[in-house]
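Asks: Dropping in data_38.txt, with compact mmCIF, C-alpha atoms.
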# COMPACT_ATOMS: atom_id res chain seq x y z
CA MET A 1 -89.71 138.59 36.46
CA ILE A 2 -88.29 135.08 36.37
CA ILE A 3 -90.66 132.29 37.32
CA ILE A 4 -89.48 128.80 38.19
CA ASN A 5 -92.03 126.05 38.62
CA VAL A 6 -90.87 123.64 41.29
CA LYS A 7 -91.69 120.11 40.23
CA GLU A 8 -92.85 117.43 42.62
CA GLU A 9 -90.07 115.29 44.01
CA GLU A 10 -87.59 118.11 43.22
CA SER A 11 -85.36 119.40 45.99
CA ILE A 12 -85.22 123.08 46.76
CA ASP A 13 -81.49 123.06 46.00
CA ARG A 14 -82.14 121.79 42.49
CA ALA A 15 -84.85 124.41 41.91
CA LEU A 16 -82.55 127.13 43.21
CA LYS A 17 -79.83 125.97 40.84
CA ARG A 18 -82.28 126.18 37.91
CA TYR A 19 -83.30 129.68 39.04
CA LYS A 20 -79.69 130.86 39.22
CA ARG A 21 -78.92 129.42 35.78
CA LYS A 22 -81.97 131.08 34.26
CA HIS A 23 -81.12 134.37 35.99
CA ARG A 24 -77.58 134.25 34.58
CA ASP A 25 -78.76 133.38 31.07
CA VAL A 26 -81.26 136.25 31.00
CA GLY A 27 -78.39 138.67 31.73
CA THR A 28 -80.11 140.76 34.39
CA ILE A 29 -76.97 141.55 36.36
CA LYS A 30 -74.98 142.38 33.23
CA GLU A 31 -77.71 144.77 32.07
CA LEU A 32 -77.89 146.46 35.48
CA ARG A 33 -74.14 147.03 35.56
CA LYS A 34 -74.21 148.43 32.04
CA ARG A 35 -77.02 150.85 32.88
CA LYS A 36 -75.47 151.97 36.17
CA HIS A 37 -72.99 154.32 34.51
CA PHE A 38 -74.24 156.07 31.40
CA THR A 39 -71.65 157.42 28.99
CA LYS A 40 -72.53 159.65 26.10
CA PRO A 41 -72.05 158.10 22.67
CA SER A 42 -69.47 160.73 21.74
CA VAL A 43 -67.40 159.96 24.85
CA LYS A 44 -67.73 156.23 24.22
CA ARG A 45 -66.50 156.63 20.64
CA ARG A 46 -63.60 158.84 21.72
CA ASN A 47 -62.51 156.22 24.28
CA GLU A 48 -62.70 153.51 21.60
CA ILE A 49 -60.44 155.55 19.31
CA ILE A 50 -57.94 156.24 22.12
CA ASN A 51 -57.85 152.56 23.12
CA ALA A 52 -57.41 151.46 19.50
CA ALA A 53 -54.51 153.88 19.04
CA TYR A 54 -52.90 152.60 22.23
CA ARG A 55 -53.26 148.97 21.16
CA GLN A 56 -51.92 149.78 17.70
CA GLU A 57 -48.89 151.54 19.13
CA LYS A 58 -48.18 148.87 21.73
CA PHE A 59 -48.88 145.70 19.76
CA GLY A 60 -48.95 146.75 16.11
CA ASN A 61 -45.29 147.57 15.52
CA LYS A 62 -43.88 144.06 15.51
For this file, write the structure as structure tokens.

Replies:
Amino acid sequence: MIIINVKEEESIDRALKRYKRKHRDVGTIKELRKRKHFTKPSVKRRNEIINAAYRQEKFGNK
């Protein structure tokens, strides 16, 4: 849980901006998106190999 202490004389917009920045830096949304679709390690590795072969064929023969 992210806690933001609102200082005296600080506008709510400024506090909200600090909250959003802290939320982005923590990486909550990125982690949620990563966990949404689980792929087995073997499938992940196979896709890495296929993508590497594709890149090698497309860009490596120059």

Asks: To one decimal in Å, tell me the separation between CA of Leu32 (chain A) and CA of Ile49 (chain A).

Replies: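 Separation of CA of Leu32 (chain A) and CA of Ile49 (chain A): 25.5 Å.
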
Asks: Between CA of Glu31 (chain A) and CA of Asn47 (chain A), what distance in Å does the model show, to one decimal?

Replies: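 So the answer is 20.6 Å.
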
Asks: Please report the interatomic distance between CA of Arg33 (chain A) and CA of Ile4 (chain A) in Å with one decimal.

Replies: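 Atom-to-atom, CA of Arg33 (chain A) to CA of Ile4 (chain A), that is 24.0 Å.
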
Asks: Tell me, as an MDAnalysis selection string, which residues lie within 10 Å of region 11-23 of chain A, counting only C-alpha atoms; anything in the same chain fewer than 6 positions away does not count.

Replies: chainID A and resid 1:5 29

Asks: Please complete region 1-20 of chain A with N, CA and C atoms and give it back as a CSV table (one decimal), in the coordinates of the input.

Replies:
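File written: result_30.csv
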chain,number,residue,atom,x,y,z
A,1,MET,N,-89.7,139.4,35.3
A,1,MET,CA,-89.7,138.6,36.5
A,1,MET,C,-89.5,137.1,36.0
A,2,ILE,N,-88.6,136.5,36.7
A,2,ILE,CA,-88.3,135.1,36.4
A,2,ILE,C,-89.1,134.2,37.2
A,3,ILE,N,-89.8,133.2,36.6
A,3,ILE,CA,-90.7,132.3,37.3
A,3,ILE,C,-90.1,130.9,37.1
A,4,ILE,N,-89.9,130.2,38.2
A,4,ILE,CA,-89.5,128.8,38.2
A,4,ILE,C,-90.6,127.9,38.8
A,5,ASN,N,-91.1,127.0,38.1
A,5,ASN,CA,-92.0,126.0,38.6
A,5,ASN,C,-91.3,124.9,39.3
A,6,VAL,N,-91.5,124.7,40.6
A,6,VAL,CA,-90.9,123.6,41.3
A,6,VAL,C,-91.7,122.4,41.1
A,7,LYS,N,-91.0,121.4,40.5
A,7,LYS,CA,-91.7,120.1,40.2
A,7,LYS,C,-91.8,119.3,41.5
A,8,GLU,N,-92.8,118.3,41.5
A,8,GLU,CA,-92.8,117.4,42.6
A,8,GLU,C,-91.6,116.6,42.6
A,9,GLU,N,-91.2,116.1,43.8
A,9,GLU,CA,-90.1,115.3,44.0
A,9,GLU,C,-88.8,116.0,43.7
A,10,GLU,N,-88.8,117.3,43.5
A,10,GLU,CA,-87.6,118.1,43.2
A,10,GLU,C,-87.1,118.8,44.5
A,11,SER,N,-85.9,118.7,44.8
A,11,SER,CA,-85.4,119.4,46.0
A,11,SER,C,-85.3,120.9,45.7
A,12,ILE,N,-85.3,121.6,46.8
A,12,ILE,CA,-85.2,123.1,46.8
A,12,ILE,C,-83.9,123.5,46.2
A,13,ASP,N,-82.8,122.7,46.5
A,13,ASP,CA,-81.5,123.1,46.0
A,13,ASP,C,-81.5,123.0,44.5
A,14,ARG,N,-82.1,122.0,43.9
A,14,ARG,CA,-82.1,121.8,42.5
A,14,ARG,C,-82.9,122.9,41.8
A,15,ALA,N,-84.1,123.3,42.4
A,15,ALA,CA,-84.8,124.4,41.9
A,15,ALA,C,-84.1,125.7,42.0
A,16,LEU,N,-83.4,125.9,43.1
A,16,LEU,CA,-82.6,127.1,43.2
A,16,LEU,C,-81.4,127.2,42.2
A,17,LYS,N,-80.9,126.0,41.9
A,17,LYS,CA,-79.8,126.0,40.8
A,17,LYS,C,-80.4,126.3,39.5
A,18,ARG,N,-81.6,125.8,39.2
A,18,ARG,CA,-82.3,126.2,37.9
A,18,ARG,C,-82.6,127.7,37.8
A,19,TYR,N,-83.0,128.2,39.0
A,19,TYR,CA,-83.3,129.7,39.0
A,19,TYR,C,-82.0,130.5,38.8
A,20,LYS,N,-80.9,130.1,39.4
A,20,LYS,CA,-79.7,130.9,39.2
A,20,LYS,C,-79.2,130.8,37.8
